[in-house]
Amino acid sequence: MATIADFFHWLAAKRGYNFSIFYDRFDGTQFLYGIWTTIHLSFFCVLLSVLFGAIGVWLQRSSFEPLRWLVGAYVGFFRNTPPLVQLYFFYFAVDPVLSSALGVKGGLLSNYGWALLVLSLYAGAFNTEIFRSGIEAVPKSTCEAAEALGYTPLQIFRHVTFPLAFRVSFPAMTSNLVNLIKTTTTAYAISVAETLYVANRIWSDQFNVFEMMNVVWVVYLVLVGLFLAFMTRWEKALRVPGFGRSK
Amino acid sequence: MKTWTPSEPIISISNVHKAYGSFQVLKGVSLDVKKGEVVCIIGPSGSGKSTLIRCINGLNDIQSGSIRVEGMEVNDPKLDKLALRKNVGIVFQQFNLFPHKTVLENVMMAPVIVLKQARTEVEQRARALIAKVRLEGKENAYPGELSGGQQQRVAIARCLAMAPDIMLFDEVTSALDPETVNEVLSTIKDLAQEGMTCILVTHEMGFAREVADHIYFTDKGVIVEHGPPDVFFANPKDPRTREFLGKVL
Ligand SMILES: Nc1ncnc2c1ncn2[C@@H]1O[C@H](COP(=O)(O)OP(=O)(O)OP(=O)(O)O)[C@@H](O)[C@H]1O
Ligand SMILES: [Mg+2]
């Protein structure tokens, strides 16, 4: 380890490329903390947004009209406004109003909590639409065959509709989740100490904007790359000969 | 509910009316099928053949009249749908297999999931059925890897796995290449000869003549004429029947 630190020390002193995160213990720890925050924020956002998408389509298919209307409003609200504006809106407008109305001191949620909730809702709106089109792509006649064999509606959903719709939705869902992971950088705007936020703090101290921008670039390239590799393997495992893309 | 005995018709349809909105599809259809009988329904496109056959296992509801299957009133809202569907299999024109499941799984799923039977026992039966429809070696293939005729035979095996008393076939060879039609027809013929009660909607007149005990001719939602095949084909009485047979024979 000492040699790596020595190398970057030398690089900064002699060549003028100041990668302080590799030799300065404080900067290094901060930056790792930022990456770790990006990772768990992304992880929980991905899970929650898929859950919101699933709840969204489920309510959308209910026979109770106000519920369908509610889902339509939700999708419209989160799909048609920028995620940064959504974060500001919830953090600076909704939180103070709600917490004073409810008499809660110090805000309803932390900034991390709001980022998690708002970004999940944002991507969940897209997931709702993606899952809906997946379900609509399942032929009615296939479900009918199951019905004729005595399957209950729940069994049809579990064994026929869901597995087929999931496969159809998968590529679009993956794109949306990649987009979500990249959008976690907007949490920076409400002071969540994720990668970009921490990088900013470091370059303000060290005046090494160029170096830190490169590091941030690489961090996202690697994180999204790993996520995509995982999703691609999963998609391959789900692939069925003679069904979907291969036909 | 009075219990059904095998001496009575296994399917008893009387004066069934069915409409989509204001459009009358079935206008008072009646027919009886005895256990072990093979009945063919023929008629021009749009005459309501599919609608009728789908009503028999409750995929379509009816406005009035009665359909009794083994004594069960199909249109009774309190009907145990599972009891009905366990006994009545239906095979469709478009196969409608589960594309994400192998041939073996397609055949095994309903007994395991719906009837909650033990997997090992079901698997044995499923393999035997796959052999019966002459698809040994295709157990692990996916539907997308099979020809239309092979898929249709899987669909038949999938129905048979439920051990139904009655099989309904709705134009099951219409989507097939001419050379694969026969392999499906001979599977159905085997079933008919084993004494399975069958209702077939078909455009294969030669096949109908060969396997059917009784032929029904439908047009515009009514049964125009019916009779045993020799009488029906040799000596059709109604001008509509004659016109139709003139076109298809
Ligand atoms: N879901 C539906 N909604 C409205 N009309 C329908 C529906 N299904 C069928 N019909 C109409 O009912 C009539 C009978 O249809 P059906 O499918 O029973 O005819 P068919 O005798 O099976 O014809 P084919 O030989 O072409 O299969 C047709 O005129 C059709 O347009
Ligand atoms: Mg039809």
# chains A, B, ... in the order shown; residues from 1 in each chain; ligands from 1
>>> residues_near_ligand(ligand="ligand 1", cutoff="9 Å", atoms="only C-alpha atoms and all ligand atoms", output="PDB file with all heavy atoms, in the first residue's frame")
ATOM      1  N   ALA B  19     -74.991 -13.893 -26.938  1.00  0.00           N
ATOM      2  CA  ALA B  19     -74.819 -12.685 -27.745  1.00  0.00           C
ATOM      3  C   ALA B  19     -73.585 -11.930 -27.293  1.00  0.00           C
ATOM      4  O   ALA B  19     -73.215 -11.968 -26.124  1.00  0.00           O
ATOM      5  CB  ALA B  19     -76.049 -11.786 -27.603  1.00  0.00           C
ATOM      6  N   TYR B  20     -72.907 -11.328 -28.253  1.00  0.00           N
ATOM      7  CA  TYR B  20     -71.872 -10.335 -27.916  1.00  0.00           C
ATOM      8  C   TYR B  20     -72.510  -8.976 -28.138  1.00  0.00           C
ATOM      9  O   TYR B  20     -72.746  -8.594 -29.282  1.00  0.00           O
ATOM     10  CB  TYR B  20     -70.641 -10.497 -28.810  1.00  0.00           C
ATOM     11  CG  TYR B  20     -69.821 -11.730 -28.518  1.00  0.00           C
ATOM     12  CD1 TYR B  20     -69.791 -12.798 -29.398  1.00  0.00           C
ATOM     13  CD2 TYR B  20     -69.079 -11.803 -27.342  1.00  0.00           C
ATOM     14  CE1 TYR B  20     -69.028 -13.920 -29.129  1.00  0.00           C
ATOM     15  CE2 TYR B  20     -68.316 -12.932 -27.065  1.00  0.00           C
ATOM     16  CZ  TYR B  20     -68.295 -13.979 -27.960  1.00  0.00           C
ATOM     17  OH  TYR B  20     -67.543 -15.088 -27.688  1.00  0.00           O
ATOM     18  N   GLY B  21     -72.815  -8.272 -27.058  1.00  0.00           N
ATOM     19  CA  GLY B  21     -73.549  -7.018 -27.190  1.00  0.00           C
ATOM     20  C   GLY B  21     -74.905  -7.304 -27.813  1.00  0.00           C
ATOM     21  O   GLY B  21     -75.650  -8.125 -27.298  1.00  0.00           O
ATOM     22  N   PHE B  23     -75.205  -8.493 -30.811  1.00  0.00           N
ATOM     23  CA  PHE B  23     -75.004  -9.451 -31.895  1.00  0.00           C
ATOM     24  C   PHE B  23     -75.244 -10.878 -31.403  1.00  0.00           C
ATOM     25  O   PHE B  23     -74.518 -11.390 -30.555  1.00  0.00           O
ATOM     26  CB  PHE B  23     -73.593  -9.293 -32.454  1.00  0.00           C
ATOM     27  CG  PHE B  23     -73.277 -10.253 -33.570  1.00  0.00           C
ATOM     28  CD1 PHE B  23     -73.961 -10.179 -34.774  1.00  0.00           C
ATOM     29  CD2 PHE B  23     -72.309 -11.235 -33.405  1.00  0.00           C
ATOM     30  CE1 PHE B  23     -73.684 -11.059 -35.802  1.00  0.00           C
ATOM     31  CE2 PHE B  23     -72.030 -12.134 -34.431  1.00  0.00           C
ATOM     32  CZ  PHE B  23     -72.721 -12.042 -35.633  1.00  0.00           C
ATOM     33  N   GLN B  24     -76.321 -11.506 -31.923  1.00  0.00           N
ATOM     34  CA  GLN B  24     -76.673 -12.863 -31.512  1.00  0.00           C
ATOM     35  C   GLN B  24     -75.772 -13.867 -32.221  1.00  0.00           C
ATOM     36  O   GLN B  24     -75.797 -13.967 -33.441  1.00  0.00           O
ATOM     37  CB  GLN B  24     -78.135 -13.149 -31.895  1.00  0.00           C
ATOM     38  CG  GLN B  24     -79.154 -12.457 -31.000  1.00  0.00           C
ATOM     39  CD  GLN B  24     -79.269 -13.123 -29.641  1.00  0.00           C
ATOM     40  OE1 GLN B  24     -79.039 -14.323 -29.497  1.00  0.00           O
ATOM     41  NE2 GLN B  24     -79.606 -12.339 -28.617  1.00  0.00           N
ATOM     42  N   VAL B  25     -74.973 -14.608 -31.441  1.00  0.00           N
ATOM     43  CA  VAL B  25     -74.080 -15.594 -32.049  1.00  0.00           C
ATOM     44  C   VAL B  25     -74.725 -16.983 -32.029  1.00  0.00           C
ATOM     45  O   VAL B  25     -74.696 -17.705 -33.019  1.00  0.00           O
ATOM     46  CB  VAL B  25     -72.733 -15.645 -31.305  1.00  0.00           C
ATOM     47  CG1 VAL B  25     -71.788 -16.611 -31.993  1.00  0.00           C
ATOM     48  CG2 VAL B  25     -72.109 -14.260 -31.255  1.00  0.00           C
ATOM     49  N   LEU B  26     -75.308 -17.349 -30.897  1.00  0.00           N
ATOM     50  CA  LEU B  26     -76.013 -18.629 -30.802  1.00  0.00           C
ATOM     51  C   LEU B  26     -77.492 -18.338 -30.561  1.00  0.00           C
ATOM     52  O   LEU B  26     -77.849 -17.613 -29.639  1.00  0.00           O
ATOM     53  CB  LEU B  26     -75.445 -19.474 -29.651  1.00  0.00           C
ATOM     54  CG  LEU B  26     -73.954 -19.817 -29.734  1.00  0.00           C
ATOM     55  CD1 LEU B  26     -73.511 -20.585 -28.505  1.00  0.00           C
ATOM     56  CD2 LEU B  26     -73.649 -20.598 -31.006  1.00  0.00           C
ATOM     57  N   ILE B  42     -69.600 -28.894 -38.046  1.00  0.00           N
ATOM     58  CA  ILE B  42     -69.085 -28.211 -39.229  1.00  0.00           C
ATOM     59  C   ILE B  42     -69.993 -27.037 -39.559  1.00  0.00           C
ATOM     60  O   ILE B  42     -71.124 -26.950 -39.060  1.00  0.00           O
ATOM     61  CB  ILE B  42     -68.976 -29.161 -40.444  1.00  0.00           C
ATOM     62  CG1 ILE B  42     -70.351 -29.690 -40.838  1.00  0.00           C
ATOM     63  CG2 ILE B  42     -68.029 -30.323 -40.146  1.00  0.00           C
ATOM     64  CD1 ILE B  42     -70.313 -30.512 -42.121  1.00  0.00           C
ATOM     65  N   GLY B  43     -69.486 -26.133 -40.349  1.00  0.00           N
ATOM     66  CA  GLY B  43     -70.303 -24.984 -40.718  1.00  0.00           C
ATOM     67  C   GLY B  43     -69.427 -23.841 -41.164  1.00  0.00           C
ATOM     68  O   GLY B  43     -68.215 -23.847 -40.904  1.00  0.00           O
ATOM     69  N   PRO B  44     -70.031 -22.869 -41.834  1.00  0.00           N
ATOM     70  CA  PRO B  44     -69.240 -21.759 -42.372  1.00  0.00           C
ATOM     71  C   PRO B  44     -68.608 -20.910 -41.268  1.00  0.00           C
ATOM     72  O   PRO B  44     -69.033 -20.950 -40.112  1.00  0.00           O
ATOM     73  CB  PRO B  44     -70.249 -20.944 -43.192  1.00  0.00           C
ATOM     74  CG  PRO B  44     -71.592 -21.419 -42.790  1.00  0.00           C
ATOM     75  CD  PRO B  44     -71.448 -22.776 -42.207  1.00  0.00           C
ATOM     76  N   SER B  45     -67.610 -20.164 -41.630  1.00  0.00           N
ATOM     77  CA  SER B  45     -66.921 -19.279 -40.698  1.00  0.00           C
ATOM     78  C   SER B  45     -67.897 -18.272 -40.100  1.00  0.00           C
ATOM     79  O   SER B  45     -68.767 -17.744 -40.793  1.00  0.00           O
ATOM     80  CB  SER B  45     -65.809 -18.544 -41.465  1.00  0.00           C
ATOM     81  OG  SER B  45     -65.113 -17.711 -40.594  1.00  0.00           O
ATOM     82  N   GLY B  46     -67.768 -18.063 -38.803  1.00  0.00           N
ATOM     83  CA  GLY B  46     -68.623 -17.091 -38.135  1.00  0.00           C
ATOM     84  C   GLY B  46     -69.965 -17.646 -37.723  1.00  0.00           C
ATOM     85  O   GLY B  46     -70.810 -16.915 -37.209  1.00  0.00           O
ATOM     86  N   SER B  47     -70.171 -18.953 -37.900  1.00  0.00           N
ATOM     87  CA  SER B  47     -71.484 -19.494 -37.569  1.00  0.00           C
ATOM     88  C   SER B  47     -71.632 -19.788 -36.080  1.00  0.00           C
ATOM     89  O   SER B  47     -72.702 -20.177 -35.628  1.00  0.00           O
ATOM     90  CB  SER B  47     -71.758 -20.753 -38.402  1.00  0.00           C
ATOM     91  OG  SER B  47     -70.770 -21.728 -38.145  1.00  0.00           O
ATOM     92  N   GLY B  48     -70.565 -19.637 -35.317  1.00  0.00           N
ATOM     93  CA  GLY B  48     -70.670 -19.792 -33.866  1.00  0.00           C
ATOM     94  C   GLY B  48     -70.116 -21.101 -33.334  1.00  0.00           C
ATOM     95  O   GLY B  48     -70.358 -21.458 -32.185  1.00  0.00           O
ATOM     96  N   LYS B  49     -69.344 -21.812 -34.130  1.00  0.00           N
ATOM     97  CA  LYS B  49     -68.810 -23.117 -33.697  1.00  0.00           C
ATOM     98  C   LYS B  49     -67.855 -22.969 -32.511  1.00  0.00           C
ATOM     99  O   LYS B  49     -67.981 -23.666 -31.509  1.00  0.00           O
ATOM    100  CB  LYS B  49     -68.072 -23.795 -34.871  1.00  0.00           C
ATOM    101  CG  LYS B  49     -68.894 -23.900 -36.144  1.00  0.00           C
ATOM    102  CD  LYS B  49     -68.135 -24.571 -37.269  1.00  0.00           C
ATOM    103  CE  LYS B  49     -66.888 -23.831 -37.744  1.00  0.00           C
ATOM    104  NZ  LYS B  49     -67.116 -22.540 -38.391  1.00  0.00           N
ATOM    105  N   SER B  50     -66.896 -22.044 -32.652  1.00  0.00           N
ATOM    106  CA  SER B  50     -65.945 -21.839 -31.552  1.00  0.00           C
ATOM    107  C   SER B  50     -66.675 -21.369 -30.305  1.00  0.00           C
ATOM    108  O   SER B  50     -66.386 -21.827 -29.192  1.00  0.00           O
ATOM    109  CB  SER B  50     -64.897 -20.796 -31.931  1.00  0.00           C
ATOM    110  OG  SER B  50     -64.155 -21.225 -33.028  1.00  0.00           O
ATOM    111  N   THR B  51     -67.582 -20.445 -30.486  1.00  0.00           N
ATOM    112  CA  THR B  51     -68.328 -19.914 -29.349  1.00  0.00           C
ATOM    113  C   THR B  51     -69.029 -21.048 -28.599  1.00  0.00           C
ATOM    114  O   THR B  51     -68.942 -21.147 -27.376  1.00  0.00           O
ATOM    115  CB  THR B  51     -69.361 -18.878 -29.840  1.00  0.00           C
ATOM    116  OG1 THR B  51     -68.688 -17.921 -30.656  1.00  0.00           O
ATOM    117  CG2 THR B  51     -70.028 -18.186 -28.681  1.00  0.00           C
ATOM    118  N   LEU B  52     -69.682 -21.924 -29.346  1.00  0.00           N
ATOM    119  CA  LEU B  52     -70.416 -23.026 -28.726  1.00  0.00           C
ATOM    120  C   LEU B  52     -69.480 -23.936 -27.931  1.00  0.00           C
ATOM    121  O   LEU B  52     -69.733 -24.272 -26.772  1.00  0.00           O
ATOM    122  CB  LEU B  52     -71.138 -23.829 -29.811  1.00  0.00           C
ATOM    123  CG  LEU B  52     -71.880 -25.077 -29.314  1.00  0.00           C
ATOM    124  CD1 LEU B  52     -73.018 -24.679 -28.370  1.00  0.00           C
ATOM    125  CD2 LEU B  52     -72.422 -25.891 -30.480  1.00  0.00           C
ATOM    126  N   ILE B  53     -68.378 -24.292 -28.568  1.00  0.00           N
ATOM    127  CA  ILE B  53     -67.461 -25.241 -27.943  1.00  0.00           C
ATOM    128  C   ILE B  53     -66.823 -24.626 -26.684  1.00  0.00           C
ATOM    129  O   ILE B  53     -66.595 -25.295 -25.676  1.00  0.00           O
ATOM    130  CB  ILE B  53     -66.429 -25.712 -28.992  1.00  0.00           C
ATOM    131  CG1 ILE B  53     -66.014 -27.144 -28.731  1.00  0.00           C
ATOM    132  CG2 ILE B  53     -65.233 -24.836 -29.058  1.00  0.00           C
ATOM    133  CD1 ILE B  53     -65.180 -27.716 -29.869  1.00  0.00           C
ATOM    134  N   ARG B  54     -66.575 -23.306 -26.731  1.00  0.00           N
ATOM    135  CA  ARG B  54     -65.983 -22.636 -25.580  1.00  0.00           C
ATOM    136  C   ARG B  54     -66.988 -22.509 -24.427  1.00  0.00           C
ATOM    137  O   ARG B  54     -66.585 -22.442 -23.265  1.00  0.00           O
ATOM    138  CB  ARG B  54     -65.465 -21.257 -25.988  1.00  0.00           C
ATOM    139  CG  ARG B  54     -64.220 -21.325 -26.889  1.00  0.00           C
ATOM    140  CD  ARG B  54     -64.021 -20.014 -27.627  1.00  0.00           C
ATOM    141  NE  ARG B  54     -64.022 -18.902 -26.686  1.00  0.00           N
ATOM    142  CZ  ARG B  54     -62.925 -18.488 -26.049  1.00  0.00           C
ATOM    143  NH1 ARG B  54     -61.763 -19.036 -26.323  1.00  0.00           N
ATOM    144  NH2 ARG B  54     -62.998 -17.514 -25.189  1.00  0.00           N
ATOM    145  N   ASN B  60     -66.733 -19.199 -22.238  1.00  0.00           N
ATOM    146  CA  ASN B  60     -67.720 -18.169 -22.559  1.00  0.00           C
ATOM    147  C   ASN B  60     -68.956 -18.424 -21.711  1.00  0.00           C
ATOM    148  O   ASN B  60     -69.290 -19.581 -21.462  1.00  0.00           O
ATOM    149  CB  ASN B  60     -68.138 -18.246 -24.036  1.00  0.00           C
ATOM    150  CG  ASN B  60     -67.061 -17.725 -24.971  1.00  0.00           C
ATOM    151  OD1 ASN B  60     -66.079 -17.142 -24.528  1.00  0.00           O
ATOM    152  ND2 ASN B  60     -67.247 -17.943 -26.254  1.00  0.00           N
ATOM    153  N   GLN B  93     -57.027 -23.938 -31.880  1.00  0.00           N
ATOM    154  CA  GLN B  93     -56.402 -23.829 -33.205  1.00  0.00           C
ATOM    155  C   GLN B  93     -54.944 -23.392 -33.101  1.00  0.00           C
ATOM    156  O   GLN B  93     -54.078 -23.888 -33.807  1.00  0.00           O
ATOM    157  CB  GLN B  93     -57.207 -22.811 -34.014  1.00  0.00           C
ATOM    158  CG  GLN B  93     -56.744 -22.644 -35.436  1.00  0.00           C
ATOM    159  CD  GLN B  93     -57.669 -21.724 -36.228  1.00  0.00           C
ATOM    160  OE1 GLN B  93     -58.765 -21.398 -35.782  1.00  0.00           O
ATOM    161  NE2 GLN B  93     -57.236 -21.318 -37.389  1.00  0.00           N
ATOM    162  N   ASP B 170     -61.046 -27.481 -31.269  1.00  0.00           N
ATOM    163  CA  ASP B 170     -61.551 -26.383 -32.087  1.00  0.00           C
ATOM    164  C   ASP B 170     -60.616 -26.127 -33.271  1.00  0.00           C
ATOM    165  O   ASP B 170     -59.617 -25.427 -33.147  1.00  0.00           O
ATOM    166  CB  ASP B 170     -61.679 -25.112 -31.234  1.00  0.00           C
ATOM    167  CG  ASP B 170     -62.372 -23.998 -32.000  1.00  0.00           C
ATOM    168  OD1 ASP B 170     -62.804 -24.233 -33.147  1.00  0.00           O
ATOM    169  OD2 ASP B 170     -62.476 -22.885 -31.440  1.00  0.00           O
ATOM    170  N   GLU B 171     -60.961 -26.695 -34.400  1.00  0.00           N
ATOM    171  CA  GLU B 171     -60.177 -26.508 -35.632  1.00  0.00           C
ATOM    172  C   GLU B 171     -58.689 -26.681 -35.386  1.00  0.00           C
ATOM    173  O   GLU B 171     -57.874 -25.836 -35.751  1.00  0.00           O
ATOM    174  CB  GLU B 171     -60.431 -25.115 -36.210  1.00  0.00           C
ATOM    175  CG  GLU B 171     -61.835 -24.974 -36.758  1.00  0.00           C
ATOM    176  CD  GLU B 171     -62.008 -23.684 -37.537  1.00  0.00           C
ATOM    177  OE1 GLU B 171     -61.057 -23.297 -38.234  1.00  0.00           O
ATOM    178  OE2 GLU B 171     -63.091 -23.092 -37.439  1.00  0.00           O
ATOM    179  N   VAL B 201     -64.632 -29.422 -33.809  1.00  0.00           N
ATOM    180  CA  VAL B 201     -64.984 -28.470 -34.856  1.00  0.00           C
ATOM    181  C   VAL B 201     -63.920 -28.656 -35.923  1.00  0.00           C
ATOM    182  O   VAL B 201     -62.727 -28.619 -35.624  1.00  0.00           O
ATOM    183  CB  VAL B 201     -64.951 -27.027 -34.333  1.00  0.00           C
ATOM    184  CG1 VAL B 201     -65.147 -26.044 -35.473  1.00  0.00           C
ATOM    185  CG2 VAL B 201     -66.004 -26.833 -33.265  1.00  0.00           C
ATOM    186  N   THR B 202     -64.342 -28.925 -37.129  1.00  0.00           N
ATOM    187  CA  THR B 202     -63.322 -29.219 -38.141  1.00  0.00           C
ATOM    188  C   THR B 202     -63.774 -28.838 -39.548  1.00  0.00           C
ATOM    189  O   THR B 202     -64.973 -28.748 -39.835  1.00  0.00           O
ATOM    190  CB  THR B 202     -62.931 -30.707 -38.100  1.00  0.00           C
ATOM    191  OG1 THR B 202     -61.882 -30.937 -39.026  1.00  0.00           O
ATOM    192  CG2 THR B 202     -64.111 -31.610 -38.440  1.00  0.00           C
ATOM    193  N   HIS B 203     -62.784 -28.593 -40.373  1.00  0.00           N
ATOM    194  CA  HIS B 203     -63.058 -28.390 -41.799  1.00  0.00           C
ATOM    195  C   HIS B 203     -62.583 -29.585 -42.613  1.00  0.00           C
ATOM    196  O   HIS B 203     -62.651 -29.571 -43.833  1.00  0.00           O
ATOM    197  CB  HIS B 203     -62.367 -27.119 -42.294  1.00  0.00           C
ATOM    198  CG  HIS B 203     -62.997 -25.873 -41.762  1.00  0.00           C
ATOM    199  ND1 HIS B 203     -64.335 -25.593 -41.939  1.00  0.00           N
ATOM    200  CD2 HIS B 203     -62.502 -24.834 -41.058  1.00  0.00           C
ATOM    201  CE1 HIS B 203     -64.619 -24.435 -41.357  1.00  0.00           C
ATOM    202  NE2 HIS B 203     -63.521 -23.951 -40.798  1.00  0.00           N
ATOM    203  N   THR B 218     -73.842 -26.250 -38.548  1.00  0.00           N
ATOM    204  CA  THR B 218     -74.348 -24.992 -37.988  1.00  0.00           C
ATOM    205  C   THR B 218     -74.234 -23.881 -39.019  1.00  0.00           C
ATOM    206  O   THR B 218     -73.320 -23.874 -39.842  1.00  0.00           O
ATOM    207  CB  THR B 218     -73.536 -24.540 -36.762  1.00  0.00           C
ATOM    208  OG1 THR B 218     -72.176 -24.366 -37.161  1.00  0.00           O
ATOM    209  CG2 THR B 218     -73.609 -25.534 -35.635  1.00  0.00           C
ATOM    210  N   ASP B 219     -75.177 -22.963 -38.943  1.00  0.00           N
ATOM    211  CA  ASP B 219     -75.085 -21.761 -39.782  1.00  0.00           C
ATOM    212  C   ASP B 219     -75.787 -20.632 -39.055  1.00  0.00           C
ATOM    213  O   ASP B 219     -76.900 -20.794 -38.559  1.00  0.00           O
ATOM    214  CB  ASP B 219     -75.735 -22.031 -41.144  1.00  0.00           C
ATOM    215  CG  ASP B 219     -75.464 -20.882 -42.118  1.00  0.00           C
ATOM    216  OD1 ASP B 219     -74.477 -20.157 -41.916  1.00  0.00           O
ATOM    217  OD2 ASP B 219     -76.255 -20.719 -43.066  1.00  0.00           O
ATOM    218  N   LYS B 220     -75.135 -19.502 -38.971  1.00  0.00           N
ATOM    219  CA  LYS B 220     -75.710 -18.298 -38.352  1.00  0.00           C
ATOM    220  C   LYS B 220     -76.331 -18.578 -36.986  1.00  0.00           C
ATOM    221  O   LYS B 220     -77.424 -18.115 -36.674  1.00  0.00           O
ATOM    222  CB  LYS B 220     -76.757 -17.682 -39.280  1.00  0.00           C
ATOM    223  CG  LYS B 220     -76.190 -17.292 -40.645  1.00  0.00           C
ATOM    224  CD  LYS B 220     -77.101 -16.278 -41.338  1.00  0.00           C
ATOM    225  CE  LYS B 220     -76.494 -15.815 -42.639  1.00  0.00           C
ATOM    226  NZ  LYS B 220     -76.497 -16.893 -43.677  1.00  0.00           N
ATOM    227  N   GLY B 221     -75.629 -19.359 -36.159  1.00  0.00           N
ATOM    228  CA  GLY B 221     -76.060 -19.518 -34.777  1.00  0.00           C
ATOM    229  C   GLY B 221     -77.139 -20.554 -34.535  1.00  0.00           C
ATOM    230  O   GLY B 221     -77.661 -20.652 -33.424  1.00  0.00           O
TER     231      GLY B 221
END
>>> interface_residues(of="chain B", to="chain A", cutoff="7 Å", atoms="only C-alpha atoms", output="list in words")
Leu59, Leu82, Arg85, Lys86, Gly89, Ile90, Asn96, Leu97, Phe98, Pro99, His100, Ala110, Val114, Tyr142, Gly144 and Glu145 of chain B
>>> write_last_selection(atoms="C-alpha atoms", output="compact mmCIF listing (two decimals), in the first residue's frame")
# COMPACT_ATOMS: atom_id res chain seq x y z
CA LEU B 59 -64.71 -20.04 -21.21
CA LEU B 82 -62.28 -26.83 -11.41
CA ARG B 85 -62.42 -28.21 -16.28
CA LYS B 86 -60.78 -31.29 -14.85
CA GLY B 89 -60.14 -30.61 -22.01
CA ILE B 90 -60.01 -28.17 -24.89
CA ASN B 96 -51.43 -21.93 -26.90
CA LEU B 97 -48.62 -23.82 -25.19
CA PHE B 98 -46.64 -22.15 -22.42
CA PRO B 99 -43.59 -20.95 -24.38
CA HIS B 100 -41.31 -20.69 -21.32
CA ALA B 110 -51.68 -28.57 -14.62
CA VAL B 114 -54.07 -27.35 -10.29
CA TYR B 142 -39.35 -25.81 -25.81
CA GLY B 144 -40.61 -22.63 -29.98
CA GLU B 145 -38.36 -25.45 -31.14
>>> select_by_dssp(residues="range 104-156 of chain A", states="helix (DSSP H, G or I)", output="PyMOL selection string")
chain A and resi 111-136+140-148+153-156
>>> residues_around(residues="Gly56 in chain A", least_positions_apart="5", cutoff="9 Å", atoms="only C-alpha atoms", output="JSON list (two decimals) with N, CA and C atoms, in the first residue's frame")
[["chain", "number", "residue", "atom", "x", "y", "z"],
["A", 51, "LEU", "N", -40.33, -2.66, -6.87],
["A", 51, "LEU", "CA", -41.50, -2.88, -6.03],
["A", 51, "LEU", "C", -42.62, -1.88, -6.37],
["A", 61, "ARG", "N", -54.38, -2.52, -12.76],
["A", 61, "ARG", "CA", -55.24, -3.56, -13.33],
["A", 61, "ARG", "C", -56.44, -3.84, -12.44],
["A", 68, "ARG", "N", -57.03, 3.10, -10.45],
["A", 68, "ARG", "CA", -56.38, 3.23, -11.76],
["A", 68, "ARG", "C", -56.04, 4.68, -12.04],
["A", 71, "VAL", "N", -52.97, 5.69, -10.07],
["A", 71, "VAL", "CA", -51.73, 5.22, -10.69],
["A", 71, "VAL", "C", -51.39, 6.11, -11.89],
["A", 74, "TYR", "N", -49.90, 9.25, -10.58],
["A", 74, "TYR", "CA", -48.53, 8.98, -10.09],
["A", 74, "TYR", "C", -47.55, 8.91, -11.25],
["A", 75, "VAL", "N", -47.90, 8.11, -12.26],
["A", 75, "VAL", "CA", -46.99, 7.94, -13.40],
["A", 75, "VAL", "C", -46.78, 9.28, -14.10],
["A", 124, "GLY", "N", -39.83, 4.07, -10.45],
["A", 124, "GLY", "CA", -41.00, 3.19, -10.31],
["A", 124, "GLY", "C", -42.10, 3.55, -11.29],
["A", 125, "ALA", "N", -42.23, 4.86, -11.61],
["A", 125, "ALA", "CA", -43.23, 5.29, -12.57],
["A", 125, "ALA", "C", -42.93, 4.69, -13.94],
["A", 127, "ASN", "N", -41.06, 1.99, -14.40],
["A", 127, "ASN", "CA", -41.24, 0.53, -14.27],
["A", 127, "ASN", "C", -42.70, 0.14, -14.42],
["A", 128, "THR", "N", -43.59, 0.97, -13.86],
["A", 128, "THR", "CA", -45.02, 0.68, -13.99],
["A", 128, "THR", "C", -45.41, 0.54, -15.46],
["A", 129, "GLU", "N", -44.97, 1.51, -16.26],
["A", 129, "GLU", "CA", -45.29, 1.49, -17.68],
["A", 129, "GLU", "C", -44.62, 0.31, -18.39],
["A", 131, "PHE", "N", -43.68, -2.60, -17.04],
["A", 131, "PHE", "CA", -44.34, -3.86, -16.67],
["A", 131, "PHE", "C", -45.70, -3.98, -17.33],
["A", 132, "ARG", "N", -46.39, -2.85, -17.46],
["A", 132, "ARG", "CA", -47.71, -2.89, -18.10],
["A", 132, "ARG", "C", -47.59, -3.37, -19.54]]
>>> select_by_dssp(residues="range 179-242 of chain B", states="strand (DSSP E)", output="VMD selection string")
chain B and resid 197 to 201 214 to 219 222 to 227
>>> residues_around(residues="Gly65 in chain B", least_positions_apart="6", cutoff="12 Å", atoms="only C-alpha atoms", output="PyMOL selection string")
chain B and resi 12-18+26-31+55+73-76
